[in-house]
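K.L.:
One file is attached below, model_34.csv, containing CSV, C-alpha atoms and all ligand atoms.
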chain,number,residue,atom,x,y,z
A,188,MET,CA,0.0,0.0,0.0
A,189,LYS,CA,2.8,2.3,1.1
A,190,LYS,CA,4.7,1.5,-2.1
A,191,ILE,CA,1.6,2.4,-4.3
A,192,PHE,CA,1.2,5.7,-2.4
A,193,LEU,CA,4.9,6.6,-2.9
A,194,THR,CA,4.8,5.6,-6.6
A,195,THR,CA,1.7,7.8,-7.1
A,196,CYS,CA,3.4,10.8,-5.3
A,197,PHE,CA,6.5,10.3,-7.5
A,198,VAL,CA,4.5,10.2,-10.7
A,199,LEU,CA,2.5,13.3,-9.6
A,200,ALA,CA,5.6,15.2,-8.7
A,201,THR,CA,7.4,14.4,-12.0
A,202,THR,CA,4.3,15.3,-14.0
A,203,LEU,CA,4.0,18.6,-12.2
A,204,PHE,CA,7.7,19.3,-12.6
A,205,SER,CA,7.6,18.7,-16.3
A,206,MET,CA,4.4,20.8,-16.7
A,207,ALA,CA,6.2,23.6,-14.8
A,208,GLN,CA,9.2,23.3,-17.2
A,209,ASP,CA,6.8,23.9,-20.1
A,210,ILE,CA,5.7,27.3,-18.8
A,211,VAL,CA,8.3,30.0,-18.1
A,212,LYS,CA,7.2,33.2,-16.5
A,213,LEU,CA,9.1,36.2,-17.8
A,214,PRO,CA,10.2,39.1,-15.6
A,215,GLU,CA,8.0,42.2,-15.7
A,216,PRO,CA,9.4,44.1,-18.7
A,217,ASP,CA,11.4,47.2,-17.8
A,218,LYS,CA,9.9,50.0,-19.9
A,219,ASN,CA,12.4,52.7,-18.9
A,220,VAL,CA,14.6,52.4,-21.9
A,221,SER,CA,16.6,55.5,-22.5
A,222,MET,CA,16.9,55.6,-26.3
A,223,THR,CA,14.3,57.9,-27.9
A,224,LEU,CA,12.1,56.8,-30.7
A,225,TYR,CA,13.8,59.2,-33.0
A,226,GLN,CA,17.3,57.8,-32.1
A,227,ALA,CA,16.0,54.3,-32.8
A,228,LEU,CA,14.6,55.4,-36.2
A,229,GLN,CA,17.9,57.1,-36.9
A,230,GLN,CA,19.9,53.9,-36.2
A,231,ARG,CA,17.6,51.1,-37.4
A,232,LYS,CA,19.1,48.9,-40.0
A,233,SER,CA,19.0,45.2,-41.0
A,234,VAL,CA,21.9,43.2,-39.5
A,235,ARG,CA,22.7,39.7,-40.6
A,236,GLU,CA,25.6,38.8,-38.3
A,237,TYR,CA,25.3,38.2,-34.5
A,238,SER,CA,27.7,37.6,-31.6
A,239,GLY,CA,27.2,34.3,-29.7
A,240,LYS,CA,26.0,36.1,-26.6
A,241,GLU,CA,22.7,34.8,-25.3
A,242,ILE,CA,19.7,37.1,-24.7
A,243,ASP,CA,18.5,37.1,-21.1
A,244,ASP,CA,14.9,36.8,-19.9
A,245,MET,CA,14.6,40.5,-19.1
A,246,LYS,CA,15.6,41.6,-22.6
A,247,LEU,CA,13.3,38.9,-24.1
A,248,SER,CA,10.5,40.2,-22.0
A,249,GLN,CA,11.1,43.8,-23.1
A,250,LEU,CA,11.3,42.6,-26.7
A,251,LEU,CA,8.1,40.5,-26.7
A,252,TRP,CA,6.2,43.2,-24.9
A,253,ALA,CA,7.2,45.7,-27.5
A,254,ALA,CA,6.3,43.2,-30.3
A,255,VAL,CA,2.8,42.3,-29.2
A,256,GLY,CA,2.4,42.9,-25.5
A,257,ILE,CA,-0.7,44.3,-23.7
A,258,ASN,CA,-0.4,48.0,-23.2
A,259,ARG,CA,-3.9,48.9,-21.9
A,260,PRO,CA,-6.2,47.6,-19.1
A,261,ASP,CA,-8.8,46.6,-21.8
A,262,GLY,CA,-6.3,44.1,-23.3
A,263,HIS,CA,-5.3,46.1,-26.4
A,264,LEU,CA,-1.8,45.6,-27.7
A,265,THR,CA,1.4,47.5,-28.5
A,266,ALA,CA,0.8,46.8,-32.2
A,267,PRO,CA,-2.4,47.7,-33.9
A,268,THR,CA,-4.4,44.9,-35.6
A,269,ALA,CA,-7.2,45.3,-38.2
A,270,ILE,CA,-10.6,45.4,-36.5
A,271,ASN,CA,-8.7,44.7,-33.3
A,272,ALA,CA,-8.6,41.0,-34.5
A,273,GLN,CA,-5.5,40.3,-32.4
A,274,ASP,CA,-4.6,37.7,-35.0
A,275,ILE,CA,-0.9,37.7,-34.3
A,276,THR,CA,1.0,35.3,-32.2
A,277,VAL,CA,4.8,35.3,-31.7
A,278,TYR,CA,6.9,32.2,-31.2
A,279,VAL,CA,10.5,32.2,-29.8
A,280,CYS,CA,12.7,29.6,-31.5
A,281,ARG,CA,15.9,28.8,-29.5
A,282,LYS,CA,18.4,26.0,-28.8
A,283,ASP,CA,16.1,24.8,-26.0
A,284,GLY,CA,13.0,24.5,-28.2
A,285,ALA,CA,10.1,26.6,-29.5
A,286,TRP,CA,8.0,28.7,-27.2
A,287,LEU,CA,4.7,30.6,-27.7
A,288,TYR,CA,4.6,34.1,-26.1
A,289,VAL,CA,1.5,34.3,-23.9
A,290,ALA,CA,1.0,38.1,-23.5
A,291,LYS,CA,-1.7,38.0,-20.9
A,292,ASP,CA,0.6,36.0,-18.5
A,293,ASN,CA,3.9,37.5,-19.7
A,294,ALA,CA,5.0,33.9,-20.1
A,295,LEU,CA,6.5,31.5,-22.6
A,296,LYS,CA,4.7,28.2,-23.3
A,297,LYS,CA,6.7,25.4,-24.8
A,298,VAL,CA,5.3,24.0,-28.0
A,299,SER,CA,8.3,22.0,-29.2
A,300,SER,CA,11.6,20.6,-27.7
A,301,LYS,CA,13.2,20.9,-31.1
A,302,ASP,CA,15.6,23.7,-32.1
A,303,LEU,CA,13.7,25.1,-35.2
A,304,ARG,CA,16.2,27.8,-36.0
A,305,LYS,CA,17.3,26.0,-39.2
A,306,ALA,CA,13.7,25.8,-40.4
A,307,VAL,CA,13.5,29.5,-39.7
A,308,ALA,CA,16.8,30.2,-41.5
A,309,ALA,CA,15.9,28.2,-44.6
A,310,ASN,CA,18.5,29.2,-47.3
A,311,GLN,CA,20.1,31.9,-45.1
A,312,SER,CA,22.3,30.1,-42.6
A,313,PHE,CA,23.2,33.2,-40.6
A,314,ALA,CA,19.7,33.2,-39.1
A,315,ALA,CA,20.3,29.7,-37.5
A,316,ASP,CA,23.3,31.2,-35.7
A,317,ALA,CA,21.3,33.9,-33.9
A,318,PRO,CA,20.6,33.1,-30.2
A,319,LEU,CA,16.9,33.3,-31.0
A,320,CYS,CA,14.5,33.8,-33.8
A,321,LEU,CA,11.0,35.2,-33.4
A,322,VAL,CA,8.3,33.9,-35.8
A,323,ILE,CA,5.3,36.1,-36.4
A,324,VAL,CA,2.1,34.2,-37.2
A,325,SER,CA,-1.3,35.5,-38.2
A,326,ASP,CA,-4.5,33.5,-37.8
A,327,ASN,CA,-7.1,34.0,-40.5
A,328,GLU,CA,-9.8,32.6,-38.2
A,329,LYS,CA,-9.6,35.9,-36.2
A,330,PHE,CA,-11.1,37.7,-39.2
A,331,HIS,CA,-14.7,37.4,-40.4
A,332,GLY,CA,-15.1,34.5,-42.8
A,333,GLY,CA,-11.4,33.5,-42.1
A,334,SER,CA,-10.1,31.0,-44.7
A,335,THR,CA,-7.4,28.4,-44.7
A,336,ASN,CA,-6.1,29.7,-48.1
A,337,GLY,CA,-2.9,31.5,-47.2
A,338,PRO,CA,-2.6,34.8,-45.2
A,339,THR,CA,-5.1,37.6,-45.5
A,340,ILE,CA,-3.9,41.1,-46.5
A,341,SER,CA,-4.9,42.4,-43.0
A,342,GLY,CA,-3.0,39.5,-41.4
A,343,ALA,CA,0.1,40.4,-43.4
A,344,ILE,CA,-0.2,44.1,-42.6
A,345,ASP,CA,-0.7,43.2,-38.9
A,346,ALA,CA,2.5,41.1,-39.0
A,347,GLY,CA,4.3,44.1,-40.5
A,348,TYR,CA,3.4,46.3,-37.6
A,349,VAL,CA,4.7,43.7,-35.1
A,350,SER,CA,7.8,43.3,-37.2
A,351,GLN,CA,8.4,47.1,-37.1
A,352,ASN,CA,7.9,47.1,-33.3
A,353,ILE,CA,10.5,44.3,-33.0
A,354,ASP,CA,13.0,46.3,-35.3
A,355,LEU,CA,12.7,49.4,-33.2
A,356,ALA,CA,12.8,47.6,-29.9
A,357,CYS,CA,15.9,45.8,-30.9
A,358,GLU,CA,17.6,49.1,-31.7
A,359,ALA,CA,16.5,50.6,-28.4
A,360,LEU,CA,17.7,47.5,-26.5
A,361,GLY,CA,21.1,47.3,-28.2
A,362,LEU,CA,20.2,44.2,-30.2
A,363,ALA,CA,20.5,43.5,-33.9
A,364,THR,CA,17.9,41.9,-36.3
A,365,VAL,CA,16.5,41.7,-39.8
A,366,PRO,CA,12.9,41.2,-40.8
A,367,ARG,CA,12.6,38.1,-43.0
A,368,ALA,CA,9.9,36.5,-45.1
A,369,SER,CA,12.1,33.5,-46.0
A,370,MET,CA,11.5,30.4,-43.9
A,371,GLU,CA,10.4,26.8,-44.2
A,372,LYS,CA,6.7,27.6,-43.6
A,373,GLU,CA,5.3,24.1,-43.9
A,374,THR,CA,7.9,22.7,-41.5
A,375,LEU,CA,7.2,25.5,-39.0
A,376,LYS,CA,3.4,25.1,-39.3
A,377,LYS,CA,3.9,21.4,-38.4
A,378,GLU,CA,6.5,21.8,-35.7
A,379,LEU,CA,4.8,24.8,-34.0
A,380,ASN,CA,1.5,22.9,-34.0
A,381,LEU,CA,-0.3,25.6,-36.0
A,382,THR,CA,-3.8,25.2,-37.2
A,383,ASP,CA,-4.7,25.3,-40.9
A,384,SER,CA,-5.7,29.0,-40.6
A,385,GLN,CA,-2.4,30.1,-39.0
A,386,ASN,CA,0.3,31.3,-41.3
A,387,PRO,CA,3.9,32.2,-40.4
A,388,ILE,CA,4.4,35.6,-42.2
A,389,LEU,CA,7.7,37.1,-41.0
A,390,ASN,CA,10.6,36.2,-38.7
A,391,HIS,CA,13.4,38.0,-36.9
A,392,PRO,CA,16.7,36.4,-36.1
A,393,ILE,CA,17.9,38.4,-33.1
A,394,GLY,CA,21.3,38.7,-31.3
A,395,TYR,CA,23.9,41.2,-30.1
A,396,LYS,CA,25.9,43.0,-32.7
A,397,LYS,CA,29.2,41.5,-33.5
B,1,LIG,C1,8.6,42.0,-46.0
B,1,LIG,C2,10.1,41.9,-45.9
B,1,LIG,C3,10.7,40.7,-46.1
B,1,LIG,C4,12.1,40.5,-46.0
B,1,LIG,N1,12.7,39.3,-46.2
B,1,LIG,C5,14.0,39.2,-46.1
B,1,LIG,C6,14.6,37.9,-46.2
B,1,LIG,O1,13.9,36.9,-46.4
B,1,LIG,N2,15.9,37.8,-46.0
B,1,LIG,C7,16.7,38.9,-45.7
B,1,LIG,O2,17.9,38.8,-45.6
B,1,LIG,N3,16.2,40.1,-45.6
B,1,LIG,C8,14.8,40.3,-45.8
B,1,LIG,N4,14.3,41.5,-45.6
B,1,LIG,C9,15.1,42.7,-45.2
B,1,LIG,C10,15.3,43.6,-46.4
B,1,LIG,O3,16.2,43.0,-47.4
B,1,LIG,C11,15.9,45.0,-45.9
B,1,LIG,O4,15.0,45.6,-45.1
B,1,LIG,C12,16.3,45.9,-47.1
B,1,LIG,O5,17.4,45.4,-47.8
B,1,LIG,C13,16.6,47.3,-46.6
B,1,LIG,O6,17.6,47.3,-45.7
B,1,LIG,P1,17.5,48.0,-44.2
B,1,LIG,O7,16.4,47.2,-43.5
B,1,LIG,O8,18.8,47.9,-43.6
B,1,LIG,O9,17.0,49.4,-44.4
B,1,LIG,C14,12.9,41.7,-45.7
B,1,LIG,C15,12.3,42.9,-45.4
B,1,LIG,C16,10.9,43.0,-45.5
B,1,LIG,C17,10.2,44.3,-45.2
As structure tokens, please, write out the structure in this file.
P.N.:
Amino acid sequence: MKKIFLTTCFVLATTLFSMAQDIVKLPEPDKNVSMTLYQALQQRKSVREYSGKEIDDMKLSQLLWAAVGINRPDGHLTAPTAINAQDITVYVCRKDGAWLYVAKDNALKKVSSKDLRKAVAANQSFAADAPLCLVIVSDNEKFHGGSTNGPTISGAIDAGYVSQNIDLACEALGLATVPRASMEKETLKKELNLTDSQNPILNHPIGYKK
């Protein structure tokens, strides 16, 4: 009896532990960044070479909040979306797997244990060397009569706003990036567990400048 009880406790503890590993709470993003918007606009440029230095959780939290975080009590976002569809989700692809940014919890939810940076890089290997790649996905279902037939124009525009937020936030945070449309979309759809109506539109390899 005692043995069964101990085995049950062990199974429960390991299940809870592995569930906890799959959700990573990010630190509250520090929004007191000193670079002005006009300085960031002055400096913004596409960079395709990164140092090996990892990006810590605070920087990642600042980056993701700027990309598509909640900036008002009613749940509106830092990036506008057509009809406030909030069709965009952002995935973080790193050495330790792929993670969905859950803005309302300021957390990362693991969706794959695989390193998908090569699938993001496709024919541009420099992207696979970045410490992380963000993948911007739009969901057609969030629009009236959403189809499964490729991205909508509104979805592509919404992804562009998020991409611009990422570009400027990288500049303000001393990071380097390039917006990219190239990627292995079908592989990413499968590995990120996307639905038929979700389309990867742009990605950003991100790292420190070399
Ligand atoms: C929609 C879009 C798609 C892009 N796709 C790629 C890409 O797949 N690979 C890449 O190296 N750069 C890509 N770029 C970056 C452009 O090449 C870059 O912005 C352009 O050369 C201008 O340089 P700048 O960003 O330094 O001003 C893309 C940019 C945009 C806006």
K.L.:
Return as a short mmCIF file (atom, residue, chain, number, x, y, z; two decimals) with C-alpha atoms, keeping the file's coordinate frame the residues of protein, DNA or RNA that approach ligand LIG 1 (chain B) to within 6 Å, with all atoms listed in the file taken into account.
P.N.:
data_model
loop_
_atom_site.label_atom_id
_atom_site.label_comp_id
_atom_site.auth_asym_id
_atom_site.auth_seq_id
_atom_site.Cartn_x
_atom_site.Cartn_y
_atom_site.Cartn_z
CA LYS A 232 19.10 48.90 -40.00
CA SER A 233 19.00 45.20 -41.00
CA VAL A 365 16.50 41.70 -39.80
CA PRO A 366 12.90 41.20 -40.80
CA ARG A 367 12.60 38.10 -43.00
CA ALA A 368 9.90 36.50 -45.10
CA SER A 369 12.10 33.50 -46.00
#
K.L.:
Between A:Asn293, A:Ser312, A:Thr265, A:Gln273, single out the one closest to A:Leu247, counting only C-alpha atoms.
P.N.:
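Result for the nearest residue to A:Leu247: A:Asn293.
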K.L.:
Looking at all atoms listed in the file, which of A:Asp326, A:Asp383, A:Glu236, A:Glu215 is the one that sits closest to A:Ala363?
P.N.:
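Using all atoms listed in the file, A:Ala363 sits closest to A:Glu236.
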K.L.:
Nearest to A:Ile275 among A:Thr335, A:Ser384, A:Ser325, A:Ser300, with distances taken over all atoms listed in the file: which residue is it?
P.N.:
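Checking each of A:Thr335, A:Ser384, A:Ser325, A:Ser300 against A:Ile275, counting all atoms listed in the file, the winner is A:Ser325.
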K.L.:
Looking at all atoms listed in the file, which of A:His263, A:Lys377, A:Lys297, A:His391 is the one that sits closest to A:Leu250?
P.N.:
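Of all the options, A:His391 lies closest to A:Leu250.
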K.L.:
Quick one, how far is atom CA of A:Asp316 from atom CA of A:Thr364?
P.N.:
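Atom-to-atom, atom CA of A:Asp316 and atom CA of A:Thr364 are spaced 12.0 Å apart.
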K.L.:
Rounded to one decimal, what separation in Å do you get between atom CA of A:Asn336 and atom CA of A:Pro392?
P.N.:
26.6 Å
K.L.:
Need to verify the contact set: A:Lys240, 9 Å, all atoms listed in the file, exclusion of same-chain residues closer than 4 positions in sequence. Can you return it as an NGL selection string?
P.N.:
:A and (317-318 or 394-395)
K.L.:
Skipping near chain neighbours, those fewer than 4 positions away, what residues fall within 10 Å of A:Ala346 using only C-alpha atoms, listed as a PyMOL selection string?
P.N.:
chain A and resi 254-255+266-268+274-277+322-325+340-342+350-352+387-390
K.L.:
My list of candidates is A:Asn271, A:Asn380, A:Gln249, A:Ser238. Which is closest to A:Pro214 when distances are computed with all atoms listed in the file?
P.N.:
A:Gln249
K.L.:
If you count all atoms listed in the file, which residues fall within 9 Å of A:Val298, apart from same-chain ones fewer than 4 positions away, as a VMD selection string?
P.N.:
chain A and resid 209 278 284 to 287 378 to 380
